[in-house]
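Visitor: Below is one structure. I have some questions about it.
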Amino acid sequence: MKVLQISLLALALGLSGAALAVDIGELTVMCDDCHGPQGASANSDVPTIGGQSTEFIDDSLHSFQIWGRPCIKSLYRYGDTSRPKADMCKVAAGLSDEDITALSSHYGELPFVPASQEFDARRTAQEALGWSVYASAQDGQVKLEITDRDGNPVEVAKLTATLGRATHVKDDQNPDFQFNGQAYVAPAKLGAGNWNIRMVARAQNGTEFTQRVILHVAKG
Ligand code: HEC
């Protein structure tokens, strides 16, 4: 409703639509409720975004949109903290290209306030593993292949995974993955279309590895 009122006002005043297309204030309140005031985080598990480069913020938001980066569920730290956990893939899915451009320049212009190094350390540790993950489904089974940098299968110390639709949680299931020497396999009932596997694994060296893997199940 508020948006409609603003656009009517814009029309009445003959303002250009573009200037008002993005309500940056409303968006940044939501971002700051997790990332901290002015995007400066006080929580080790949420990165500081204020004062990062515009290109980095822009790239990150676009890659969250295509799940090119792991998405970790997070609580809201400010405002209404009883809201259910959300993650960057969900947040980014709701942003238009104009929103992303506006957000990137907004946060890019803010001062950078250094905070905890813990988050960066965790991400660096995950990246250092050099793992790739590939999911497929066949004959009532879902298969998760984790390979190292040399393409060899990885057996993890621990693996939990939720298999679900991208759009709703109704069909969420937790496959009981077993390692067969090459890959992790589990029986699963899957309708055709796109599924997500949100995996949390622990490497033998203790490093946590989280990733969302897309699984496409063909018809028939
Ligand atoms: C529910 C909490 C939450 C909300 C809301 C949220 N974020 Fe995030 N954001 C996170 C967490 C947690 C991470 C780090 C985990 C990850 O990479 O998935 C993150 C990561 C990011 C990153 C990557 C930063 C880096 O250093 O790697 C950017 C950029 C970002 N968020 C921007 C935004 C913007 C812009 C908004 C508002 C439109 C927003 N976030 C809303 C929790 C949130």
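Convention: chains lettered A, B, ... in structure tokens order; per-chain residue numbering from 1; ligands numbered from 1 as shown.
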List the neighbours of stretch 105-109 of chain A out to 10 Å using only C-alpha atoms; skip same-chain residues closer than 6 positions along the sequence, and give me the result as a list in words.
Guide: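 What passes the distance filter is Ile24, Gly25, Thr28, Gln38, Gly39, Ala40, Thr48, Ile49, Gly50, Gly51, Gln52, Ser53, Thr54, Glu55, Phe56, Ile57 and Asp58 of chain A.
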Visitor: Would you write out those residues with C-alpha atoms, as a PDB file, in the first residue's frame?
Guide:
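This went into out.pdb:
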```pdb
ATOM      1  CA  ILE A  24      16.261   1.547  -0.193  1.00  0.00           C
ATOM      2  CA  GLY A  25      15.298   2.543   3.351  1.00  0.00           C
ATOM      3  CA  THR A  28      18.363  -1.719   4.411  1.00  0.00           C
ATOM      4  CA  GLN A  38      25.109   0.501   8.821  1.00  0.00           C
ATOM      5  CA  GLY A  39      26.043  -3.044   7.856  1.00  0.00           C
ATOM      6  CA  ALA A  40      28.718  -3.238  10.581  1.00  0.00           C
ATOM      7  CA  THR A  48      30.185  -6.879   7.790  1.00  0.00           C
ATOM      8  CA  ILE A  49      28.866  -5.467   4.516  1.00  0.00           C
ATOM      9  CA  GLY A  50      29.153  -1.711   5.175  1.00  0.00           C
ATOM     10  CA  GLY A  51      32.239  -0.396   3.404  1.00  0.00           C
ATOM     11  CA  GLN A  52      32.854  -3.494   1.297  1.00  0.00           C
ATOM     12  CA  SER A  53      33.388  -2.682  -2.361  1.00  0.00           C
ATOM     13  CA  THR A  54      30.288  -2.056  -4.445  1.00  0.00           C
ATOM     14  CA  GLU A  55      31.387  -4.754  -6.921  1.00  0.00           C
ATOM     15  CA  PHE A  56      31.853  -7.335  -4.182  1.00  0.00           C
ATOM     16  CA  ILE A  57      28.401  -6.715  -2.706  1.00  0.00           C
ATOM     17  CA  ASP A  58      26.828  -6.750  -6.164  1.00  0.00           C
TER      18      ASP A  58
END
```
Visitor: Quick one: residues within 7 Å of ligand 1, with only C-alpha atoms and all ligand atoms, as JSON, numbers by chain?
Guide: {"A": [27, 28, 30, 31, 32, 33, 34, 35, 45, 46, 47, 48, 49, 56, 57, 58, 60, 61, 69, 70, 71, 72, 73, 74, 75, 76, 85, 86, 87, 88, 91, 92, 103, 104]}
Visitor: How far is it from atom CA of A:Leu129 to atom CA of A:Trp67, in Å with one decimal?
Guide: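 Taking atom CA of A:Leu129 and atom CA of A:Trp67, their separation equals 19.0 Å.
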Visitor: A:Gly191: which residues within 8 Å, counting only C-alpha atoms, same-chain residues fewer than 2 positions away excluded, as number ranges by chain?
Guide: A: 189, 193, 217, 219
Visitor: For the interface of stretch 20-132 of chain A with stretch 147-155 of chain A (cut-off 7 Å, counting only C-alpha atoms), please tabulate each contacting residue of stretch 20-132 of chain A alongside its nearest pair of atoms and their separation in Å to one decimal, rows sorted by chain and increasing number, as JSON lines.
Guide:
```
{"residue": "A:Gly130", "atom": "CA", "partner": "A:Arg149", "partner_atom": "CA", "distance": 5.2}
{"residue": "A:Trp131", "atom": "CA", "partner": "A:Asp148", "partner_atom": "CA", "distance": 4.5}
{"residue": "A:Ser132", "atom": "CA", "partner": "A:Thr147", "partner_atom": "CA", "distance": 5.4}
```
Visitor: May I have all residues of chain A that DSSP, computed from the backbone, assigns to strand (DSSP E or B), given as a PyMOL selection string?
Guide: chain A and resi 74+86+132-138+141-147+153+158-165+173+178-179+184-187+193-202+208-217
Visitor: Take the residues from that selection and put them in a file with C-alpha atoms, as a JSON list (two decimals), in the first residue's frame.
Guide:
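The resulting selection-v2.json:
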```json
[["chain", "number", "residue", "atom", "x", "y", "z"],
["A", 74, "SER", "CA", 20.66, -16.97, 10.35],
["A", 86, "ALA", "CA", 16.42, -16.65, 6.94],
["A", 132, "SER", "CA", 33.01, -30.06, -5.24],
["A", 133, "VAL", "CA", 29.59, -31.55, -4.72],
["A", 134, "TYR", "CA", 27.32, -33.05, -7.36],
["A", 135, "ALA", "CA", 23.83, -34.44, -6.80],
["A", 136, "SER", "CA", 21.82, -36.80, -8.99],
["A", 137, "ALA", "CA", 18.81, -39.07, -8.64],
["A", 138, "GLN", "CA", 18.02, -42.45, -10.18],
["A", 141, "GLN", "CA", 17.84, -43.13, -4.89],
["A", 142, "VAL", "CA", 19.52, -39.81, -4.46],
["A", 143, "LYS", "CA", 23.27, -39.63, -4.83],
["A", 144, "LEU", "CA", 25.60, -36.99, -3.46],
["A", 145, "GLU", "CA", 29.14, -37.08, -4.82],
["A", 146, "ILE", "CA", 31.73, -35.13, -2.86],
["A", 147, "THR", "CA", 35.09, -34.95, -4.56],
["A", 153, "PRO", "CA", 35.73, -39.23, -3.63],
["A", 158, "LYS", "CA", 29.68, -36.40, 9.45],
["A", 159, "LEU", "CA", 26.96, -35.50, 6.98],
["A", 160, "THR", "CA", 23.46, -34.17, 7.47],
["A", 161, "ALA", "CA", 21.28, -33.03, 4.62],
["A", 162, "THR", "CA", 17.81, -31.70, 4.00],
["A", 163, "LEU", "CA", 16.29, -32.41, 0.63],
["A", 164, "GLY", "CA", 13.48, -30.07, -0.32],
["A", 165, "ARG", "CA", 11.77, -27.98, -2.94],
["A", 173, "GLN", "CA", 12.98, -34.81, 3.85],
["A", 178, "GLN", "CA", 25.40, -43.85, 3.44],
["A", 179, "PHE", "CA", 28.86, -43.83, 1.91],
["A", 184, "TYR", "CA", 26.71, -40.91, -0.55],
["A", 185, "VAL", "CA", 23.44, -42.61, -1.47],
["A", 186, "ALA", "CA", 20.02, -42.71, 0.17],
["A", 187, "PRO", "CA", 16.56, -43.88, -0.83],
["A", 193, "GLY", "CA", 11.58, -30.85, -11.20],
["A", 194, "ASN", "CA", 14.12, -28.93, -9.14],
["A", 195, "TRP", "CA", 15.14, -29.84, -5.63],
["A", 196, "ASN", "CA", 17.70, -28.40, -3.25],
["A", 197, "ILE", "CA", 19.96, -30.36, -1.00],
["A", 198, "ARG", "CA", 21.16, -28.27, 1.90],
["A", 199, "MET", "CA", 24.13, -30.17, 3.20],
["A", 200, "VAL", "CA", 26.21, -29.70, 6.32],
["A", 201, "ALA", "CA", 29.27, -31.89, 6.47],
["A", 202, "ARG", "CA", 32.28, -32.12, 8.71],
["A", 208, "GLU", "CA", 32.62, -27.54, 8.60],
["A", 209, "PHE", "CA", 31.43, -27.54, 5.00],
["A", 210, "THR", "CA", 27.98, -26.21, 4.13],
["A", 211, "GLN", "CA", 26.52, -26.00, 0.68],
["A", 212, "ARG", "CA", 23.24, -25.91, -1.15],
["A", 213, "VAL", "CA", 23.28, -28.30, -4.08],
["A", 214, "ILE", "CA", 20.72, -28.21, -6.86],
["A", 215, "LEU", "CA", 19.21, -31.48, -8.00],
["A", 216, "HIS", "CA", 17.18, -31.72, -11.18],
["A", 217, "VAL", "CA", 14.90, -34.72, -11.48]]
```
Visitor: For A:Val29, which residue among A:Ala42, A:Thr101, A:Asp80, A:Asp59 is the nearest when counting only C-alpha atoms?
Guide: A:Asp80
Visitor: Rounded to one decimal, what separation in Å do you get between atom CA of A:Ala157 and atom CA of A:Thr124?
Guide: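 That distance, rounded to one decimal, is 19.2 Å.
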Visitor: Distance atom CA of A:Ala188-atom CA of A:Asp139, one decimal place?
Guide: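 Atom CA of A:Ala188 sits 9.2 Å away from atom CA of A:Asp139.
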